[in-house]
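So this block is protein-v2.txt, compact mmCIF, C-alpha atoms:
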# COMPACT_ATOMS: atom_id res chain seq x y z
CA MET A 20 99.96 74.59 90.93
CA THR A 21 97.83 74.41 94.02
CA ALA A 22 95.00 76.79 94.81
CA ALA A 23 96.57 77.97 98.06
CA THR A 24 99.43 80.46 97.88
CA VAL A 25 102.43 80.57 100.19
CA GLY A 26 102.16 83.46 102.68
CA ILE A 27 104.96 85.84 103.64
CA VAL A 28 105.71 87.33 107.06
CA LEU A 29 108.15 90.25 107.25
CA VAL A 30 109.72 90.64 110.70
CA SER A 31 111.50 93.95 111.12
CA HIS A 32 112.70 96.05 114.03
CA SER A 33 110.78 98.89 112.43
CA ALA A 34 107.01 98.84 111.87
CA GLU A 35 107.47 101.32 109.02
CA LEU A 36 110.16 99.22 107.34
CA ALA A 37 108.03 96.06 107.55
CA ALA A 38 104.93 97.87 106.26
CA GLY A 39 106.81 99.65 103.48
CA THR A 40 108.52 96.48 102.33
CA ALA A 41 105.18 94.64 102.37
CA TYR A 42 103.65 97.40 100.25
CA LEU A 43 106.54 97.32 97.77
CA ALA A 44 106.43 93.52 97.47
CA ALA A 45 102.65 93.58 96.99
CA GLN A 46 102.92 96.20 94.26
CA VAL A 47 105.64 94.31 92.38
CA SER A 48 103.92 90.93 92.66
CA GLY A 49 100.43 92.10 91.71
CA GLY A 50 98.73 91.94 95.10
CA THR A 51 97.67 88.29 95.09
CA VAL A 52 99.91 87.10 97.93
CA THR A 53 99.19 87.53 101.65
CA ILE A 54 102.09 89.54 103.09
CA ILE A 55 101.97 90.31 106.80
CA ALA A 56 104.14 93.06 108.27
CA ALA A 57 105.29 92.18 111.79
CA GLY A 58 107.45 95.18 112.69
CA GLY A 59 108.30 96.94 115.91
CA THR A 60 107.57 96.11 119.53
CA ASP A 61 104.09 95.80 121.02
CA ASP A 62 104.26 99.41 122.25
CA GLY A 63 105.46 100.78 118.91
CA ASP A 64 109.17 101.11 119.56
CA LEU A 65 112.03 99.74 117.50
CA GLY A 66 112.39 96.03 118.17
CA THR A 67 110.55 92.82 117.51
CA SER A 68 107.47 91.26 119.04
CA ALA A 69 106.82 87.57 119.48
CA ALA A 70 103.10 88.31 119.67
CA LYS A 71 103.19 90.07 116.29
CA VAL A 72 105.10 87.17 114.75
CA VAL A 73 102.60 84.64 116.12
CA ARG A 74 99.71 86.69 114.76
CA GLY A 75 101.51 87.13 111.41
CA LEU A 76 102.11 83.41 110.99
CA SER A 77 98.46 82.73 111.63
CA GLU A 78 97.22 85.44 109.26
CA ALA A 79 99.63 84.48 106.45
CA GLU A 80 98.78 80.77 106.46
CA SER A 81 96.29 79.73 103.82
CA GLY A 82 97.25 76.09 103.47
CA ALA A 83 100.47 76.30 101.44
CA GLY A 84 102.81 77.31 104.28
CA VAL A 85 104.55 80.52 105.28
CA VAL A 86 108.01 81.94 104.57
CA VAL A 87 109.35 84.33 107.22
CA LEU A 88 111.96 87.00 106.47
CA PRO A 89 113.74 88.66 109.42
CA ASP A 90 115.61 91.94 108.95
CA LEU A 91 118.46 91.86 111.49
CA GLY A 92 119.93 89.45 114.01
CA SER A 93 117.57 89.68 116.95
CA ALA A 94 114.54 89.40 114.67
CA VAL A 95 115.91 85.92 113.94
CA LEU A 96 115.98 85.17 117.68
CA THR A 97 112.37 86.27 118.07
CA VAL A 98 111.21 84.17 115.13
CA ARG A 99 113.15 81.12 116.33
CA ALA A 100 111.67 81.43 119.80
CA VAL A 101 108.18 81.58 118.33
CA LEU A 102 108.80 78.60 116.07
CA GLU A 103 110.10 76.54 118.99
CA ASP A 104 106.84 77.17 120.84
CA HIS A 105 104.35 77.14 117.97
CA GLY A 106 106.26 76.03 114.93
CA ASP A 107 105.56 73.34 112.44
CA ALA A 108 108.81 72.83 110.54
CA GLU A 109 106.93 71.67 107.47
CA SER A 110 104.70 74.70 107.12
CA VAL A 111 107.01 77.56 108.17
CA LEU A 112 110.45 78.29 106.71
CA LEU A 113 112.78 81.03 107.97
CA ALA A 114 114.66 82.51 105.00
CA ASP A 115 118.24 83.78 105.30
CA ALA A 116 117.95 86.61 102.81
CA PRO A 117 118.38 90.34 102.27
CA PHE A 118 115.17 91.89 103.57
CA VAL A 119 113.86 94.00 100.70
CA GLU A 120 115.17 91.95 97.78
CA GLY A 121 114.24 88.70 99.49
CA ALA A 122 110.70 89.91 100.20
CA VAL A 123 110.19 90.96 96.58
CA ALA A 124 111.67 87.76 95.13
CA ALA A 125 109.77 85.50 97.55
CA THR A 126 106.46 87.24 96.91
CA VAL A 127 106.82 87.08 93.14
CA THR A 128 107.60 83.36 93.33
CA ALA A 129 104.59 82.82 95.61
CA ALA A 130 102.39 84.75 93.18
CA ALA A 131 103.55 82.47 90.37
CA GLY A 132 102.38 79.46 92.36
CA GLY A 133 105.72 78.33 93.78
CA ASP A 134 105.67 75.97 96.77
CA ILE A 135 107.12 76.86 100.17
CA LYS A 136 110.61 75.56 99.32
CA ALA A 137 110.68 77.46 96.00
CA VAL A 138 109.56 80.65 97.73
CA ALA A 139 112.22 80.35 100.45
CA ALA A 140 114.85 79.52 97.81
CA ALA A 141 113.89 82.60 95.76
CA ALA A 142 114.38 84.76 98.84
CA GLU A 143 117.77 83.23 99.61
CA GLU A 144 118.96 83.48 95.99
CA ALA A 145 118.35 87.24 96.22
CA ARG A 146 121.65 87.42 98.07
CA HIS A 147 123.50 86.58 94.86
CA VAL A 148 121.75 88.93 92.44
CA ARG A 149 123.78 92.03 91.68
CA LYS A 150 121.85 95.24 91.29
CA LEU A 151 124.59 97.18 89.47
CA MET B 24 105.99 68.51 72.73
CA TYR B 25 109.33 70.25 73.26
CA ALA B 26 109.93 73.55 71.52
CA SER B 27 112.18 76.55 71.60
CA CYS B 28 110.82 79.94 70.82
CA GLU B 29 112.05 83.51 70.60
CA GLN B 30 110.53 86.90 69.95
CA ALA B 31 111.87 90.44 70.10
CA ILE B 32 110.18 93.75 70.76
CA THR B 33 111.23 97.34 71.22
CA LEU B 34 110.11 98.71 74.58
CA VAL B 35 107.97 101.83 74.62
CA GLY B 36 108.39 102.26 78.38
CA ASP B 37 111.02 101.42 80.97
CA LEU B 38 111.07 97.98 82.53
CA HIS B 39 110.53 99.18 86.11
CA ALA B 40 109.78 97.13 89.22
CA ARG B 41 106.08 96.53 88.59
CA PRO B 42 106.37 95.37 84.97
CA ALA B 43 109.38 93.27 85.96
CA GLY B 44 107.24 91.69 88.67
CA ALA B 45 104.37 91.02 86.29
CA LEU B 46 106.82 89.43 83.86
CA ALA B 47 108.39 87.17 86.50
CA VAL B 48 105.01 86.11 87.96
CA ALA B 49 103.83 85.11 84.47
CA ALA B 50 107.09 83.37 83.58
CA GLY B 51 106.98 81.36 86.79
CA ARG B 52 103.71 79.74 85.74
CA PHE B 53 105.30 78.03 82.73
CA ALA B 54 107.31 74.83 82.73
CA ALA B 55 109.62 76.16 80.01
CA ALA B 56 112.91 77.85 80.86
CA VAL B 57 112.36 81.49 79.94
CA SER B 58 114.93 84.24 79.59
CA VAL B 59 114.93 87.93 78.77
CA THR B 60 117.83 89.60 76.97
CA ALA B 61 118.43 93.34 76.81
CA GLY B 62 121.55 95.40 76.24
CA GLY B 63 123.75 92.34 75.91
CA HIS B 64 122.68 90.89 79.27
CA THR B 65 120.38 87.91 79.79
CA ALA B 66 118.27 87.23 82.88
CA ASP B 67 116.09 84.33 83.98
CA ALA B 68 112.59 85.70 83.35
CA LYS B 69 111.37 83.91 86.50
CA SER B 70 113.77 85.98 88.64
CA VAL B 71 112.23 89.39 89.30
CA LEU B 72 115.53 90.71 90.64
CA GLY B 73 117.34 89.45 87.55
CA VAL B 74 114.81 91.11 85.23
CA MET B 75 115.03 94.38 87.17
CA GLY B 76 118.81 94.13 87.03
CA LEU B 77 118.69 94.32 83.23
CA GLY B 78 117.74 97.98 83.57
CA ALA B 79 115.92 97.85 80.25
CA THR B 80 114.62 101.22 79.15
CA SER B 81 112.27 102.68 76.58
CA GLY B 82 113.51 102.22 73.03
CA GLN B 83 115.65 99.25 73.93
CA HIS B 84 115.44 96.01 72.01
CA VAL B 85 114.33 93.13 74.25
CA THR B 86 114.28 89.46 73.32
CA VAL B 87 112.21 86.81 75.12
CA SER B 88 113.42 83.24 74.65
CA ALA B 89 111.91 80.02 75.94
CA ALA B 90 112.69 76.33 75.74
CA GLY B 91 110.38 73.62 76.94
CA PRO B 92 106.97 72.07 76.38
CA ASP B 93 105.05 75.36 76.64
CA ALA B 94 107.73 77.62 75.14
CA GLN B 95 105.45 79.14 72.53
CA GLU B 96 102.75 80.06 75.06
CA ALA B 97 105.37 81.44 77.44
CA VAL B 98 106.89 83.75 74.84
CA ALA B 99 103.46 84.94 73.70
CA ALA B 100 102.39 85.67 77.28
CA LEU B 101 105.56 87.54 78.16
CA ILE B 102 105.54 89.62 74.98
CA THR B 103 101.95 90.60 75.80
CA ILE B 104 102.99 91.63 79.31
CA LEU B 105 105.95 93.62 78.03
CA THR B 106 103.60 95.32 75.59
CA GLN B 107 100.99 96.22 78.20
CA ALA B 108 103.07 96.79 81.29
CA THR B 109 105.62 99.10 79.72
CA LYS B 110 103.25 100.91 77.43
CA VAL B 111 103.26 104.64 77.97
CA GLY B 112 101.97 105.61 74.55
CA GLY B 113 102.94 105.04 70.98
CA LEU B 114 102.95 101.84 69.04
CA LEU B 115 105.02 98.88 69.98
CA ARG B 116 107.25 97.68 67.19
CA ASN B 117 106.61 93.99 67.46
CA GLN B 118 108.79 91.73 65.41
CA ALA B 119 107.69 88.35 64.20
CA GLY B 120 108.49 85.51 66.57
CA CYS B 121 110.15 82.28 65.56
CA CYS B 122 109.45 78.89 67.05
CA SER B 123 110.90 75.50 66.27
CA ARG B 124 109.77 72.06 67.29
So that I can check it, write out the structure of this file as structure tokens.
Amino acid sequence: MTAATVGIVLVSHSAELAAGTAYLAAQVSGGTVTIIAAGGTDDGDLGTSAAKVVRGLSEAESGAGVVVLPDLGSAVLTVRAVLEDHGDAESVLLADAPFVEGAVAATVTAAAGGDIKAVAAAAEEARHVRKL
Amino acid sequence: MYASCEQAITLVGDLHARPAGALAVAAGRFAAAVSVTAGGHTADAKSVLGVMGLGATSGQHVTVSAAGPDAQEAVAALITILTQATKVGGLLRNQAGCCSR
């Protein structure tokens, strides 16, 4: 287990959804993981912001890499555009996962000391966990 | 040294999101495979969503099992977390654990 912990960036169309999901994931995982909410447009509307994603990636990075979770389709486009311009494929992974469950699972795995691949895998496995 | 280990407790509080998270964070730090069984269902203790999906509630019998080099430590740590994180009052009925090497 390395000293640095994988960071999480939550990219949502809604600032409230990103912030609320970040709060939930922090509460469940014990608050030791850096989770950055990148929700809404720059002027506070529904949508996504490349500038917020860029800032989130920078703030979430502490040396172990960053896993990014988008909520809906065009959030993926925004993240991909950012990664094409700024991305380092080794240190940032985009997870294809349900937003809330993926954020919680990824954060818990990061808190346990999982590496960037384990954290992204935990998010993606959330798709297969039944809640009923 | 490889070992398998198991211990059961009776919950005195519900296994909600935060205790499930604490359990999974702790389990993830061990090399051993760790599972939690409640109500006839078993979940990987390292999967917070799996542990939450057990829906374990106060009064329910929960078993922690581990297999691997640090199985004994893993079971002890998780039983402690279940004791503390779900405690809402009353005494936990803690049954003796059993480890084999």
Would you give me, as CSV, each residue of chain B having an atom within 6 Å of an atom of chain A, along with its shortest atom pair and that distance in Å to one decimal, using all atoms listed in the file and sorting by chain and residue number?
residue,atom,partner,partner_atom,distance
B:Ala40,CA,A:Val47,CA,5.9
B:Arg41,CA,A:Val47,CA,4.4
B:Gly44,CA,A:Val47,CA,4.8
B:Val48,CA,A:Ala131,CA,4.6
B:Gly51,CA,A:Ala131,CA,5.1
B:Arg52,CA,A:Ala131,CA,5.4
B:Gly76,CA,A:Lys150,CA,5.3
Restricting the calculation to only C-alpha atoms: of A:Thr24, A:Thr40, A:Ser68, A:Thr53, which residue gets closest to A:Val98?
A:Ser68
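By all atoms listed in the file, and with residues fewer than 5 positions from B:Ala94 along its chain excluded, the set lying at most 9 Å from it is Tyr25, Ala26, Ser27, Cys28, Glu29, Phe53, Ala54, Ala55, Ala56, Val57, Ser88, Ala89, Ala99 and Cys122 of chain B.
Residue neighbourhood of A:Gly39, excluding near-sequence residues (fewer than 2 positions): Leu29, Val30, Ser31, Ser33, Ala34, Glu35, Leu36, Ala37, Ala41, Tyr42, Leu43, Ala44, Ala45, Gln46, Ile54, Ile55, Ala56, Ala57, Gly58, Phe118, Val119, Ala122 and Val123 of chain A, at 12 Å, using only C-alpha atoms.
Here atom CA of B:Ala31 stands at a distance of 6.9 Å from atom CA of B:His84.
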For A:Ala69, find every residue with an atom within 12 Å (counting only C-alpha atoms), except residues of its own chain fewer than 6 positions away, and show them as an mmCIF file with C-alpha atoms, in the coordinates of the input.
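Result went into around_37.cif, see below:
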data_model
loop_
_atom_site.group_PDB
_atom_site.id
_atom_site.type_symbol
_atom_site.label_atom_id
_atom_site.label_comp_id
_atom_site.auth_asym_id
_atom_site.auth_seq_id
_atom_site.Cartn_x
_atom_site.Cartn_y
_atom_site.Cartn_z
ATOM 1 C CA VAL A 30 109.720 90.640 110.700
ATOM 2 C CA SER A 31 111.500 93.950 111.120
ATOM 3 C CA HIS A 32 112.700 96.050 114.030
ATOM 4 C CA ALA A 57 105.290 92.180 111.790
ATOM 5 C CA GLY A 58 107.450 95.180 112.690
ATOM 6 C CA GLY A 59 108.300 96.940 115.910
ATOM 7 C CA THR A 60 107.570 96.110 119.530
ATOM 8 C CA ASP A 61 104.090 95.800 121.020
ATOM 9 C CA GLY A 75 101.510 87.130 111.410
ATOM 10 C CA LEU A 76 102.110 83.410 110.990
ATOM 11 C CA SER A 93 117.570 89.680 116.950
ATOM 12 C CA ALA A 94 114.540 89.400 114.670
ATOM 13 C CA VAL A 95 115.910 85.920 113.940
ATOM 14 C CA LEU A 96 115.980 85.170 117.680
ATOM 15 C CA THR A 97 112.370 86.270 118.070
ATOM 16 C CA VAL A 98 111.210 84.170 115.130
ATOM 17 C CA ARG A 99 113.150 81.120 116.330
ATOM 18 C CA ALA A 100 111.670 81.430 119.800
ATOM 19 C CA VAL A 101 108.180 81.580 118.330
ATOM 20 C CA LEU A 102 108.800 78.600 116.070
ATOM 21 C CA GLU A 103 110.100 76.540 118.990
ATOM 22 C CA ASP A 104 106.840 77.170 120.840
ATOM 23 C CA HIS A 105 104.350 77.140 117.970
#
8 Å per side around stretch 40-48 of chain B: axis-aligned box centre and edge lengths, as JSON:
{"center_x": 107.1, "center_y": 91.6, "center_z": 86.5, "size_x": 21.4, "size_y": 27.0, "size_z": 21.4}
d(atom CA of B:Leu46, atom CA of B:Thr65) in Å
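Separation of atom CA of B:Leu46 and atom CA of B:Thr65: 14.2 Å.
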How many Å lie between atom CA of A:Val85 and atom CA of A:Glu143, rounded to one decimal?
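A separation of 14.6 Å between them.
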So, counting all atoms listed in the file, which residue among B:Thr103, B:Gln30, B:Ser81, B:Ser123 is closest to B:Val59?
B:Gln30
Which residue is closest to A:Ala140? Choose from A:Val86, A:Val111, A:Leu65, A:Glu80 and count only C-alpha atoms.
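Of A:Val86, A:Val111, A:Leu65, A:Glu80, the one nearest A:Ala140 is A:Val86, counting only C-alpha atoms.
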Selection near B:Gly63, 12 Å with all atoms listed in the file, sequence-local residues under 2 positions removed, as a list in words
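So, after excluding close chain neighbours, the residues are Val59, Thr60, Ala61, Thr65, Ala66, Leu77, Gly78, Ala79, Gln83, His84, Val85 and Thr86 of chain B.
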So which one's closest to B:Val74, B:Val87, B:Ile32, B:Ala47, B:Leu101? Using only C-alpha atoms, please.
B:Ala47
